[in-house]
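Student: Have a peek at start_32.tsv (TSV, C-alpha atoms).
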chain	number	residue	atom	x	y	z
A	1	MET	CA	61.97	-25.71	-17.00
A	2	SER	CA	62.24	-28.43	-19.62
A	3	PRO	CA	61.22	-27.69	-23.24
A	4	ILE	CA	58.28	-30.11	-22.94
A	5	THR	CA	56.96	-28.43	-19.77
A	6	GLN	CA	57.41	-24.97	-21.32
A	7	LYS	CA	55.49	-26.05	-24.44
A	8	GLN	CA	52.63	-27.42	-22.32
A	9	THR	CA	52.45	-24.16	-20.32
A	10	PHE	CA	52.13	-22.05	-23.50
A	11	LYS	CA	49.44	-24.43	-24.78
A	12	ASN	CA	47.41	-24.00	-21.59
A	13	LEU	CA	47.76	-20.20	-21.80
A	14	ASN	CA	46.49	-20.22	-25.39
A	15	ILE	CA	43.47	-22.29	-24.37
A	16	GLU	CA	42.65	-19.86	-21.56
A	17	LYS	CA	42.94	-16.86	-23.90
A	18	LYS	CA	40.65	-18.48	-26.45
A	19	GLN	CA	38.04	-19.22	-23.79
A	20	GLU	CA	38.17	-15.62	-22.52
A	21	LYS	CA	37.85	-14.31	-26.09
A	22	LYS	CA	34.85	-16.58	-26.69
A	23	LYS	CA	33.11	-15.35	-23.50
A	24	TRP	CA	33.76	-11.73	-24.50
A	25	LYS	CA	32.21	-12.29	-27.93
A	26	GLU	CA	29.15	-13.97	-26.40
A	27	GLN	CA	28.64	-11.08	-23.99
A	28	LYS	CA	28.94	-8.59	-26.84
A	29	LEU	CA	26.35	-10.46	-28.92
A	30	LEU	CA	23.94	-10.72	-25.98
A	31	LYS	CA	24.28	-7.00	-25.32
A	32	ALA	CA	23.64	-6.14	-28.97
A	33	ALA	CA	20.58	-8.43	-29.05
A	34	ALA	CA	19.18	-6.81	-25.89
A	35	GLU	CA	19.62	-3.33	-27.34
A	36	PHE	CA	17.93	-4.35	-30.63
A	37	LYS	CA	14.99	-5.89	-28.73
A	38	LYS	CA	14.62	-2.74	-26.64
A	39	GLU	CA	14.56	-0.52	-29.76
A	40	LEU	CA	11.99	-2.79	-31.43
A	41	GLU	CA	9.72	-2.73	-28.36
A	42	GLU	CA	9.94	1.08	-28.24
A	43	ASP	CA	8.88	1.30	-31.91
A	44	VAL	CA	6.00	-1.12	-31.47
A	45	SER	CA	4.80	0.56	-28.25
A	46	THR	CA	3.75	3.59	-30.31
A	47	ASN	CA	0.84	1.49	-31.60
A	48	ASP	CA	-1.15	-0.35	-28.92
A	49	ASN	CA	-2.61	-2.77	-31.48
A	50	THR	CA	0.78	-3.95	-32.74
A	51	LYS	CA	2.78	-6.72	-31.06
A	52	VAL	CA	6.44	-7.57	-31.57
A	53	GLU	CA	5.63	-10.92	-33.17
A	54	ASP	CA	3.15	-9.30	-35.59
A	55	VAL	CA	5.77	-7.22	-37.39
A	56	SER	CA	5.88	-8.32	-41.04
A	57	PRO	CA	9.11	-8.59	-43.06
A	58	TYR	CA	7.31	-6.54	-45.73
A	59	GLU	CA	6.75	-3.40	-43.72
A	60	ASP	CA	8.63	-0.21	-44.45
A	61	ARG	CA	10.20	1.90	-41.73
A	62	VAL	CA	9.35	5.57	-42.34
A	63	ASN	CA	10.46	8.20	-39.78
A	64	GLY	CA	10.77	5.46	-37.18
A	65	ASN	CA	7.23	4.17	-37.71
A	66	LEU	CA	6.23	0.88	-39.33
A	67	THR	CA	3.92	1.25	-42.32
A	68	HIS	CA	2.51	-1.47	-44.57
A	69	ARG	CA	3.12	-1.41	-48.30
A	70	ILE	CA	-0.48	-1.29	-49.53
A	71	CYS	CA	-1.28	-1.85	-53.21
A	72	PRO	CA	-3.76	0.49	-54.91
A	73	PRO	CA	-7.41	-0.67	-55.04
A	74	TYR	CA	-7.23	-0.98	-58.82
A	75	THR	CA	-5.18	-3.09	-61.24
A	76	ILE	CA	-2.60	-1.67	-63.63
A	77	SER	CA	-1.92	-3.28	-67.02
A	78	ILE	CA	0.69	-2.08	-69.51
A	79	ALA	CA	0.93	-3.08	-73.18
A	80	VAL	CA	4.38	-2.97	-74.80
A	81	PRO	CA	5.31	-3.90	-78.39
A	82	GLY	CA	7.75	-6.80	-78.68
A	83	SER	CA	9.52	-5.03	-81.54
A	84	ILE	CA	11.41	-2.77	-79.11
A	85	LEU	CA	13.86	-5.64	-78.63
A	86	ASP	CA	14.82	-5.29	-82.30
A	87	ASN	CA	16.12	-1.81	-81.53
A	88	ALA	CA	18.88	-3.30	-79.34
A	89	GLN	CA	22.23	-3.95	-81.01
A	90	THR	CA	23.30	-7.16	-79.25
A	91	SER	CA	21.74	-10.16	-77.53
A	92	GLU	CA	22.96	-8.88	-74.18
A	93	LEU	CA	21.27	-5.50	-74.73
A	94	ARG	CA	18.03	-7.19	-75.85
A	95	THR	CA	17.99	-9.07	-72.58
A	96	TYR	CA	18.84	-5.99	-70.52
A	97	LEU	CA	16.07	-3.97	-72.20
A	98	ALA	CA	13.52	-6.58	-71.14
A	99	GLY	CA	14.95	-6.37	-67.62
A	100	GLN	CA	14.38	-2.60	-67.56
A	101	VAL	CA	10.70	-3.08	-68.42
A	102	ALA	CA	10.34	-5.78	-65.76
A	103	ARG	CA	11.93	-3.52	-63.14
A	104	ALA	CA	9.59	-0.65	-64.02
A	105	ALA	CA	6.56	-2.95	-63.82
A	106	SER	CA	7.61	-4.19	-60.39
A	107	ILE	CA	8.41	-0.73	-59.02
A	108	TYR	CA	4.95	0.61	-59.92
A	109	CYS	CA	3.03	-2.53	-58.90
A	110	VAL	CA	1.89	-3.45	-62.42
A	111	ASP	CA	-0.44	-6.47	-62.40
A	112	GLU	CA	-0.29	-7.42	-66.09
A	113	VAL	CA	2.26	-6.92	-68.87
A	114	ILE	CA	0.95	-7.46	-72.39
A	115	VAL	CA	3.50	-8.00	-75.16
A	116	PHE	CA	1.85	-7.31	-78.53
A	117	ASP	CA	2.93	-7.49	-82.15
A	118	ASP	CA	2.76	-3.97	-83.58
A	119	GLY	CA	3.33	-5.18	-87.15
A	120	SER	CA	6.83	-3.73	-87.46
A	121	THR	CA	8.31	-7.23	-87.69
A	122	GLN	CA	6.38	-7.92	-90.89
A	123	GLN	CA	6.96	-6.71	-94.42
A	124	ASP	CA	4.80	-7.86	-97.36
A	125	GLY	CA	3.31	-10.57	-95.17
A	126	VAL	CA	6.75	-12.07	-94.39
A	127	HIS	CA	8.33	-11.92	-90.94
A	128	ARG	CA	11.75	-10.33	-90.67
A	129	LEU	CA	14.47	-11.25	-88.17
A	130	GLY	CA	12.39	-9.90	-85.29
A	131	GLU	CA	9.77	-12.63	-85.53
A	132	ASN	CA	10.74	-14.09	-82.16
A	133	SER	CA	10.97	-10.75	-80.36
A	134	CYS	CA	7.54	-11.04	-78.73
A	135	SER	CA	8.11	-14.58	-77.46
A	136	GLN	CA	11.60	-13.78	-76.16
A	137	PHE	CA	10.35	-10.61	-74.50
A	138	ALA	CA	7.51	-12.50	-72.78
A	139	LYS	CA	9.82	-15.30	-71.68
A	140	LEU	CA	12.30	-12.88	-70.10
A	141	LEU	CA	9.50	-11.06	-68.28
A	142	GLN	CA	8.16	-14.35	-66.92
A	143	TYR	CA	11.64	-15.47	-65.88
A	144	LEU	CA	12.30	-12.31	-63.88
A	145	GLU	CA	8.87	-12.38	-62.21
A	146	CYS	CA	9.41	-15.96	-61.05
A	147	PRO	CA	10.99	-16.35	-57.56
A	148	GLN	CA	14.62	-17.43	-57.83
A	149	TYR	CA	14.15	-20.78	-56.07
A	150	LEU	CA	11.58	-21.88	-58.68
A	151	ARG	CA	13.39	-20.90	-61.87
A	152	LYS	CA	15.39	-24.10	-62.32
A	153	HIS	CA	12.14	-26.10	-62.07
A	154	LEU	CA	10.07	-23.95	-64.45
A	155	PHE	CA	12.57	-22.65	-67.01
A	156	PRO	CA	14.75	-25.16	-68.85
A	157	LEU	CA	17.90	-23.96	-70.61
A	158	HIS	CA	16.97	-21.84	-73.62
A	159	LYS	CA	18.78	-19.48	-75.98
A	160	ASP	CA	16.37	-16.65	-75.15
A	161	LEU	CA	17.48	-16.82	-71.50
A	162	GLN	CA	21.20	-17.08	-72.25
A	163	TYR	CA	22.05	-13.71	-70.68
A	164	ALA	CA	19.30	-13.60	-68.03
A	165	GLY	CA	21.96	-13.89	-65.33
A	166	LEU	CA	23.10	-10.35	-66.14
A	167	LEU	CA	19.76	-8.83	-65.13
A	168	ASN	CA	19.02	-6.99	-61.91
A	169	PRO	CA	16.61	-8.90	-59.64
A	170	LEU	CA	13.10	-7.54	-59.12
A	171	ASP	CA	13.23	-8.23	-55.36
A	172	ALA	CA	9.43	-8.21	-55.31
A	173	PRO	CA	7.50	-9.14	-52.12
A	174	HIS	CA	6.80	-12.68	-53.38
A	175	HIS	CA	10.54	-13.30	-53.92
A	176	LEU	CA	10.90	-14.59	-50.38
A	177	ARG	CA	14.10	-15.74	-48.72
A	178	GLN	CA	14.26	-19.04	-46.89
A	179	THR	CA	14.28	-17.25	-43.52
A	180	ASP	CA	11.34	-14.94	-44.30
A	181	ASP	CA	8.14	-15.61	-42.39
A	182	PHE	CA	5.09	-14.85	-44.53
A	183	PRO	CA	1.67	-16.56	-44.80
A	184	TYR	CA	1.83	-16.90	-48.60
A	185	ARG	CA	4.51	-18.39	-50.85
A	186	GLU	CA	4.91	-19.27	-54.51
A	187	GLY	CA	5.80	-22.90	-55.14
A	188	VAL	CA	6.07	-25.70	-57.66
A	189	VAL	CA	4.37	-29.07	-57.21
A	190	SER	CA	7.04	-31.65	-56.37
A	191	HIS	CA	7.54	-35.06	-57.95
A	192	HIS	CA	7.81	-36.62	-54.48
A	193	LEU	CA	5.09	-39.21	-54.06
A	194	VAL	CA	2.44	-38.85	-51.38
A	195	ARG	CA	0.09	-41.54	-50.18
A	196	GLN	CA	-2.98	-41.75	-52.37
A	197	GLY	CA	-5.67	-39.30	-51.31
A	198	LYS	CA	-3.24	-37.32	-49.12
A	199	GLY	CA	-2.53	-34.50	-51.59
A	200	SER	CA	0.84	-33.34	-53.00
A	201	TYR	CA	4.12	-31.86	-51.84
A	202	VAL	CA	5.03	-28.33	-52.96
A	203	ASN	CA	8.49	-26.77	-52.99
A	204	VAL	CA	8.01	-23.23	-51.65
A	205	GLY	CA	11.66	-22.38	-50.99
A	206	LEU	CA	11.81	-23.73	-47.43
A	207	LEU	CA	14.02	-26.49	-46.04
A	208	ARG	CA	11.10	-28.94	-46.30
A	209	ASP	CA	8.37	-29.25	-48.91
A	210	VAL	CA	4.87	-28.24	-47.85
A	211	CYS	CA	2.04	-30.78	-47.97
A	212	ILE	CA	-1.19	-29.53	-49.59
A	213	ASP	CA	-4.65	-31.08	-49.53
A	214	LYS	CA	-4.97	-31.46	-53.33
A	215	ALA	CA	-3.32	-33.93	-55.69
A	216	LEU	CA	-1.90	-31.76	-58.49
A	217	THR	CA	0.21	-32.40	-61.57
A	218	PRO	CA	3.95	-32.21	-60.74
A	219	GLY	CA	5.82	-29.28	-62.21
A	220	ILE	CA	3.06	-26.65	-62.13
A	221	ARG	CA	3.37	-23.35	-60.26
A	222	VAL	CA	0.93	-22.63	-57.43
A	223	THR	CA	0.34	-20.05	-54.69
A	224	VAL	CA	0.23	-21.62	-51.23
A	225	ASN	CA	-1.29	-20.24	-48.04
A	226	LEU	CA	0.82	-21.73	-45.25
A	227	LEU	CA	-1.07	-23.02	-42.22
A	228	PRO	CA	0.30	-22.46	-38.67
A	229	GLN	CA	2.98	-25.01	-37.86
A	230	LYS	CA	2.02	-27.57	-35.26
A	231	LYS	CA	4.16	-27.74	-32.13
A	232	GLY	CA	6.55	-30.65	-31.95
A	233	THR	CA	6.59	-31.30	-35.70
A	234	LYS	CA	8.73	-30.01	-38.55
A	235	LYS	CA	6.17	-30.84	-41.23
A	236	ARG	CA	4.37	-27.89	-42.84
A	237	TYR	CA	0.89	-27.87	-44.36
A	238	GLY	CA	-0.74	-25.40	-46.72
A	239	VAL	CA	-3.69	-24.69	-48.98
A	240	VAL	CA	-3.52	-23.78	-52.67
A	241	VAL	CA	-5.15	-20.38	-53.30
A	242	PRO	CA	-5.62	-18.07	-56.33
A	243	PRO	CA	-2.50	-15.98	-57.14
A	244	SER	CA	-4.54	-12.82	-56.52
A	245	GLN	CA	-5.36	-13.69	-52.89
A	246	PRO	CA	-2.22	-12.19	-51.24
A	247	ARG	CA	-3.14	-8.87	-52.84
A	248	THR	CA	-6.86	-8.98	-52.09
A	249	GLU	CA	-6.43	-10.27	-48.53
A	250	LEU	CA	-3.29	-8.43	-47.38
A	251	GLY	CA	-2.86	-5.67	-49.96
A	252	VAL	CA	0.60	-6.99	-50.86
A	253	TYR	CA	1.91	-6.67	-54.42
A	254	TRP	CA	2.34	-10.20	-55.76
A	255	GLY	CA	4.03	-9.77	-59.14
A	256	TYR	CA	2.63	-9.46	-62.65
A	257	SER	CA	1.21	-11.86	-65.22
A	258	VAL	CA	2.41	-11.87	-68.84
A	259	ARG	CA	0.12	-12.09	-71.87
A	260	LEU	CA	0.93	-12.27	-75.59
A	261	ALA	CA	-1.31	-10.43	-78.07
A	262	LYS	CA	-1.15	-10.84	-81.84
A	263	SER	CA	-2.19	-7.24	-82.50
A	264	LEU	CA	-3.21	-3.99	-80.84
A	265	SER	CA	-6.90	-4.92	-81.13
A	266	ASN	CA	-6.25	-8.19	-79.26
A	267	VAL	CA	-4.86	-6.20	-76.35
A	268	PHE	CA	-8.39	-4.92	-75.70
A	269	ALA	CA	-10.35	-7.97	-76.88
A	270	LYS	CA	-8.53	-10.55	-74.75
A	271	ALA	CA	-8.65	-8.74	-71.41
A	272	PRO	CA	-8.54	-11.17	-68.44
A	273	TYR	CA	-11.21	-9.19	-66.60
A	274	GLN	CA	-14.86	-9.92	-67.25
A	275	GLU	CA	-15.79	-6.24	-67.50
A	276	GLY	CA	-12.66	-5.39	-69.51
A	277	TYR	CA	-10.51	-2.31	-68.95
A	278	ASP	CA	-12.61	0.64	-67.77
A	279	LEU	CA	-9.84	3.23	-68.16
A	280	THR	CA	-7.55	3.06	-71.19
A	281	ILE	CA	-4.63	5.41	-71.82
A	282	GLY	CA	-2.50	5.72	-74.94
A	283	THR	CA	0.90	7.43	-74.84
A	284	SER	CA	2.29	9.60	-77.63
A	285	ASP	CA	4.11	12.88	-78.16
A	286	LYS	CA	0.99	13.92	-80.10
A	287	GLY	CA	-1.28	13.47	-77.08
A	288	SER	CA	-2.67	16.03	-74.66
A	289	LEU	CA	-0.88	17.05	-71.48
A	290	LEU	CA	-1.57	15.15	-68.29
A	291	GLU	CA	-1.59	18.34	-66.22
A	292	ASP	CA	-4.54	19.62	-68.26
A	293	CYS	CA	-6.71	16.66	-67.18
A	294	ASP	CA	-9.03	17.02	-64.21
A	295	ASP	CA	-8.42	14.69	-61.24
A	296	SER	CA	-12.06	13.56	-61.37
A	297	GLU	CA	-11.42	12.03	-64.81
A	298	PHE	CA	-9.13	9.46	-63.15
A	299	SER	CA	-11.55	8.09	-60.58
A	300	ASN	CA	-14.22	5.38	-60.36
A	301	PHE	CA	-12.43	2.62	-62.25
A	302	LYS	CA	-11.16	-0.88	-61.41
A	303	HIS	CA	-8.80	-1.80	-64.24
A	304	ILE	CA	-6.48	0.62	-66.02
A	305	LEU	CA	-4.63	-0.14	-69.25
A	306	ILE	CA	-1.66	1.96	-70.45
A	307	VAL	CA	-0.46	1.28	-74.01
A	308	PHE	CA	3.00	2.23	-75.30
A	309	GLY	CA	4.09	2.44	-78.89
A	310	GLY	CA	7.24	1.18	-80.55
A	311	LEU	CA	9.87	2.93	-82.62
A	312	ASP	CA	7.26	4.45	-84.98
A	313	GLY	CA	4.62	5.13	-82.34
A	314	LEU	CA	1.03	3.94	-81.95
A	315	GLU	CA	0.02	5.66	-85.16
A	316	SER	CA	2.06	3.15	-87.17
A	317	THR	CA	0.65	0.28	-85.11
A	318	LEU	CA	-2.90	1.28	-86.08
A	319	GLU	CA	-2.06	1.12	-89.79
A	320	CYS	CA	-0.76	-2.45	-89.45
A	321	ASP	CA	-3.86	-3.73	-87.60
A	322	GLU	CA	-6.43	-5.02	-90.10
A	323	ASN	CA	-9.09	-5.43	-87.37
A	324	LEU	CA	-9.26	-1.69	-86.69
A	325	SER	CA	-11.04	0.51	-89.22
A	326	ILE	CA	-10.64	3.91	-87.52
A	327	ASN	CA	-8.22	6.52	-88.84
A	328	ASN	CA	-7.32	8.24	-85.57
A	329	VAL	CA	-5.55	6.10	-82.97
A	330	SER	CA	-6.56	8.43	-80.14
A	331	LEU	CA	-10.19	7.26	-80.57
A	332	LEU	CA	-9.15	3.85	-79.17
A	333	PHE	CA	-8.44	5.30	-75.74
A	334	ASP	CA	-10.23	7.21	-73.02
A	335	LYS	CA	-7.12	9.36	-72.70
A	336	TYR	CA	-4.34	10.00	-75.21
A	337	LEU	CA	-1.49	11.58	-73.27
A	338	ASN	CA	1.92	13.11	-73.75
A	339	THR	CA	3.62	12.38	-70.44
A	340	CYS	CA	6.94	14.02	-71.34
A	341	PRO	CA	6.39	17.44	-72.94
A	342	ASN	CA	9.30	19.74	-73.85
A	343	GLN	CA	11.62	16.78	-74.33
A	344	GLY	CA	15.23	17.56	-75.10
A	345	SER	CA	15.78	14.47	-77.26
A	346	ARG	CA	14.04	13.91	-80.59
A	347	THR	CA	12.93	10.48	-79.43
A	348	ILE	CA	12.10	8.82	-76.14
A	349	ARG	CA	12.78	5.11	-76.02
A	350	THR	CA	9.88	2.89	-74.96
A	351	GLU	CA	11.63	1.62	-71.82
A	352	GLU	CA	12.17	5.27	-70.84
A	353	ALA	CA	8.58	6.21	-71.65
A	354	ILE	CA	7.31	3.40	-69.39
A	355	LEU	CA	9.15	4.77	-66.34
A	356	ILE	CA	8.19	8.39	-67.07
A	357	SER	CA	4.53	7.61	-67.79
A	358	LEU	CA	3.99	5.27	-64.83
A	359	ALA	CA	5.54	7.81	-62.47
A	360	GLN	CA	3.27	10.62	-63.66
A	361	ILE	CA	0.07	8.62	-64.10
A	362	THR	CA	0.28	6.82	-60.75
A	363	ALA	CA	0.93	10.17	-59.04
A	364	LYS	CA	-2.19	11.55	-60.72
A	365	LEU	CA	-4.23	8.50	-59.72
A	366	SER	CA	-3.13	8.71	-56.07
A	367	LYS	CA	-4.78	12.14	-55.83
A	368	SER	CA	-8.10	10.82	-57.13
A	369	VAL	CA	-8.41	7.37	-55.56
A	370	VAL	CA	-9.15	6.74	-51.89
A	371	TYR	CA	-7.08	3.85	-50.45
For the file at hand, write its structure as structure tokens.
Tutor:
Amino acid sequence: MSPITQKQTFKNLNIEKKQEKKKWKEQKLLKAAAEFKKELEEDVSTNDNTKVEDVSPYEDRVNGNLTHRICPPYTISIAVPGSILDNAQTSELRTYLAGQVARAASIYCVDEVIVFDDGSTQQDGVHRLGENSCSQFAKLLQYLECPQYLRKHLFPLHKDLQYAGLLNPLDAPHHLRQTDDFPYREGVVSHHLVRQGKGSYVNVGLLRDVCIDKALTPGIRVTVNLLPQKKGTKKRYGVVVPPSQPRTELGVYWGYSVRLAKSLSNVFAKAPYQEGYDLTIGTSDKGSLLEDCDDSEFSNFKHILIVFGGLDGLESTLECDENLSINNVSLLFDKYLNTCPNQGSRTIRTEEAILISLAQITAKLSKSVVY
């Protein structure tokens, strides 16, 4: 056999082997897909009202059963002093501290985070180095709450966000991937021109922008309810809805809003709800124990506000607020609680107190509120 013939024979053998390997891989994938489909149908068959195509990407699997993540029927707001960033030694740690608060808010389905000035950044009427703590804190909270695909459109380069890339993602339900199928999405109005009277295009993190029925200013953030896609077309249409609609309609947690308050009194006075906060809780090591409170005292409310103090506590915050004339800070709240009795450390940092308090208070509320 000549060298050329021998070379051609080996080439043909290699081609045949590659084809056999490709067929084997395809058969393996088809078998795995069939097994996955069979398991999914068995899970869904336990509920007659549930179809395979109705399974949401935001359902948890508990003990083999699919259960929706339902938000509580009330809103949770937390107020945190911006001065806690001044207690961090470096710019990286300041950023990471804000990330810890954002993570805690997302874990416990907080609807509003209020960053207030507790007066510790002022001395003799003059601001110290911490004068920008509140604005930086608020900006970092907003950055983390924003879905990743919108950040480059809504947050220009800024010194306050220099180390934001170090932070852990919130991975909240509204932080959708491109492949996720969900009726609501956060988006930003695109600069792409649409024919006059035909609405605007919105970038919602999909391959194509969604066309909405309203002409809006480019660059603003909106919540879009996606309409069913028409057969034979790749174009998507949607309707702009209030940001609260995914929660009210589907019971899905849809992130938190951020509000700046100039003082502790403004936290109460500038509430976004018409009826205000109907259950207010202050946290302090001088408060009463949560276990001593009756479950009935944590029922029949719509909006709860939990206020945390800074390095010197809420007592110091009261002294710096000229709009408040009372002498006892506990009189500001319906409940003044110590959520971490018998602490081993002399101090509990605010970011730690937020996690501890939200865990205990939400557990108490779940016993009193009917979902």
Student: Around the point (13.5, -5.9, -71.7) (coordinates from the file), which residues reach within 12 Å if we count all atoms listed in the file? Answer as a PDB file with C-alpha atoms, in the coordinates of the input.
Tutor:
ATOM      1  CA  VAL A  80       4.380  -2.970 -74.800  1.00  0.00           C
ATOM      2  CA  PRO A  81       5.310  -3.900 -78.390  1.00  0.00           C
ATOM      3  CA  GLY A  82       7.750  -6.800 -78.680  1.00  0.00           C
ATOM      4  CA  SER A  83       9.520  -5.030 -81.540  1.00  0.00           C
ATOM      5  CA  ILE A  84      11.410  -2.770 -79.110  1.00  0.00           C
ATOM      6  CA  LEU A  85      13.860  -5.640 -78.630  1.00  0.00           C
ATOM      7  CA  ASP A  86      14.820  -5.290 -82.300  1.00  0.00           C
ATOM      8  CA  ASN A  87      16.120  -1.810 -81.530  1.00  0.00           C
ATOM      9  CA  ALA A  88      18.880  -3.300 -79.340  1.00  0.00           C
ATOM     10  CA  SER A  91      21.740 -10.160 -77.530  1.00  0.00           C
ATOM     11  CA  GLU A  92      22.960  -8.880 -74.180  1.00  0.00           C
ATOM     12  CA  LEU A  93      21.270  -5.500 -74.730  1.00  0.00           C
ATOM     13  CA  ARG A  94      18.030  -7.190 -75.850  1.00  0.00           C
ATOM     14  CA  THR A  95      17.990  -9.070 -72.580  1.00  0.00           C
ATOM     15  CA  TYR A  96      18.840  -5.990 -70.520  1.00  0.00           C
ATOM     16  CA  LEU A  97      16.070  -3.970 -72.200  1.00  0.00           C
ATOM     17  CA  ALA A  98      13.520  -6.580 -71.140  1.00  0.00           C
ATOM     18  CA  GLY A  99      14.950  -6.370 -67.620  1.00  0.00           C
ATOM     19  CA  GLN A 100      14.380  -2.600 -67.560  1.00  0.00           C
ATOM     20  CA  VAL A 101      10.700  -3.080 -68.420  1.00  0.00           C
ATOM     21  CA  ALA A 102      10.340  -5.780 -65.760  1.00  0.00           C
ATOM     22  CA  ARG A 103      11.930  -3.520 -63.140  1.00  0.00           C
ATOM     23  CA  ALA A 104       9.590  -0.650 -64.020  1.00  0.00           C
ATOM     24  CA  ALA A 105       6.560  -2.950 -63.820  1.00  0.00           C
ATOM     25  CA  VAL A 113       2.260  -6.920 -68.870  1.00  0.00           C
ATOM     26  CA  VAL A 115       3.500  -8.000 -75.160  1.00  0.00           C
ATOM     27  CA  SER A 133      10.970 -10.750 -80.360  1.00  0.00           C
ATOM     28  CA  CYS A 134       7.540 -11.040 -78.730  1.00  0.00           C
ATOM     29  CA  SER A 135       8.110 -14.580 -77.460  1.00  0.00           C
ATOM     30  CA  GLN A 136      11.600 -13.780 -76.160  1.00  0.00           C
ATOM     31  CA  PHE A 137      10.350 -10.610 -74.500  1.00  0.00           C
ATOM     32  CA  ALA A 138       7.510 -12.500 -72.780  1.00  0.00           C
ATOM     33  CA  LYS A 139       9.820 -15.300 -71.680  1.00  0.00           C
ATOM     34  CA  LEU A 140      12.300 -12.880 -70.100  1.00  0.00           C
ATOM     35  CA  LEU A 141       9.500 -11.060 -68.280  1.00  0.00           C
ATOM     36  CA  GLN A 142       8.160 -14.350 -66.920  1.00  0.00           C
ATOM     37  CA  TYR A 143      11.640 -15.470 -65.880  1.00  0.00           C
ATOM     38  CA  LEU A 144      12.300 -12.310 -63.880  1.00  0.00           C
ATOM     39  CA  ASP A 160      16.370 -16.650 -75.150  1.00  0.00           C
ATOM     40  CA  LEU A 161      17.480 -16.820 -71.500  1.00  0.00           C
ATOM     41  CA  TYR A 163      22.050 -13.710 -70.680  1.00  0.00           C
ATOM     42  CA  ALA A 164      19.300 -13.600 -68.030  1.00  0.00           C
ATOM     43  CA  LEU A 166      23.100 -10.350 -66.140  1.00  0.00           C
ATOM     44  CA  LEU A 167      19.760  -8.830 -65.130  1.00  0.00           C
ATOM     45  CA  ASN A 168      19.020  -6.990 -61.910  1.00  0.00           C
ATOM     46  CA  ARG A 349      12.780   5.110 -76.020  1.00  0.00           C
ATOM     47  CA  THR A 350       9.880   2.890 -74.960  1.00  0.00           C
ATOM     48  CA  GLU A 351      11.630   1.620 -71.820  1.00  0.00           C
ATOM     49  CA  GLU A 352      12.170   5.270 -70.840  1.00  0.00           C
ATOM     50  CA  ILE A 354       7.310   3.400 -69.390  1.00  0.00           C
TER      51      ILE A 354
END
Student: Could you give me, as a PyMOL selection string, the residues within 10 Å of Trp254 (chain A), counting all atoms listed in the file and dropping anything in the same chain fewer than 6 positions from it?
Tutor: chain A and resi 71+106+109-111+145+172-175+184-186+243-248
Student: Could you list, as a ChimeraX atom specification, every residue within 9 Å of Val224 (chain A), counting all atoms listed in the file and ignoring same-chain residues fewer than 3 positions away?
Tutor: /A:183-187,202,204,210,212,238-243
Student: Which distance in Å separates CA of Ser366 (chain A) and CA of Asp285 (chain A), to one decimal?
Tutor: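 So the answer is 23.6 Å.
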Student: Pick out the closest residue to Ser265 (chain A) from this set: A:Ser200, A:Asn338, A:Ser357, A:Thr317. Count all atoms listed in the file.
Tutor: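 Ranking A:Ser200, A:Asn338, A:Ser357, A:Thr317 by distance to Ser265 (chain A), first place goes to A:Thr317.
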Student: Considering only C-alpha atoms, state which residue in the set A:Ile281, A:Ile76, A:Ile107, A:Val194 is at the smallest distance from Leu355 (chain A).
Tutor: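 For Leu355 (chain A), the nearest of the candidates is A:Ile107.
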Student: What is the CA of Val222 (chain A)-CA of Ser257 (chain A) distance in Å, reported with one decimal?
Tutor: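 These two atoms are separated by 13.3 Å.
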Student: So what do you get for CA of Gly205 (chain A) versus CA of Thr75 (chain A), distance-wise?
Tutor: 27.6 Å
Student: May I have the residues within 12 Å of Asn327 (chain A) as a PyMOL selection string, using only C-alpha atoms and disregarding those fewer than 5 positions away in the same chain?
Tutor: chain A and resi 314-322+332
Student: For region 286-302 of chain A, list every protein, DNA or RNA residue within 10 Å, evaluated using only C-alpha atoms, and leave out those in the same chain fewer than 4 positions away; present the list as JSON, numbers by chain.
Tutor: {"A": [72, 73, 74, 75, 76, 273, 275, 276, 277, 278, 279, 282, 313, 315, 330, 334, 335, 336, 337, 338, 339, 340, 341, 357, 360, 361, 364, 365, 366, 367, 368, 369, 370]}
Student: Take every atom of region 211-224 of chain A listed in the file, fit an axis-aligned box around them, add 5 Å per side, and give the centre and edge lengths in Å to one decimal as lines of an AutoDock Vina configuration file.
Tutor:
center_x = 0.4
center_y = -27.0
center_z = -55.1
size_x = 20.8
size_y = 23.9
size_z = 24.2
Student: Quick one: region 201-216 of chain A with C-alpha atoms, as a short mmCIF file (atom, residue, chain, number, x, y, z; two decimals), in the first residue's frame?
Tutor:
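For reference, result-v2.cif as written:
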data_model
loop_
_atom_site.label_atom_id
_atom_site.label_comp_id
_atom_site.auth_asym_id
_atom_site.auth_seq_id
_atom_site.Cartn_x
_atom_site.Cartn_y
_atom_site.Cartn_z
CA TYR A 201 -38.71 50.91 22.55
CA VAL A 202 -37.59 49.57 25.94
CA ASN A 203 -34.47 47.51 26.66
CA VAL A 204 -35.62 44.78 29.07
CA GLY A 205 -32.57 42.50 28.81
CA LEU A 206 -33.80 40.43 25.86
CA LEU A 207 -32.21 40.03 22.43
CA ARG A 208 -34.67 42.58 21.00
CA ASP A 209 -36.11 45.74 22.53
CA VAL A 210 -39.79 45.65 23.49
CA CYS A 211 -42.22 48.11 21.89
CA ILE A 212 -44.58 49.86 24.34
CA ASP A 213 -47.69 51.88 23.62
CA LYS A 214 -46.45 55.12 25.25
CA ALA A 215 -43.88 57.64 24.06
CA LEU A 216 -41.56 58.13 27.04
#
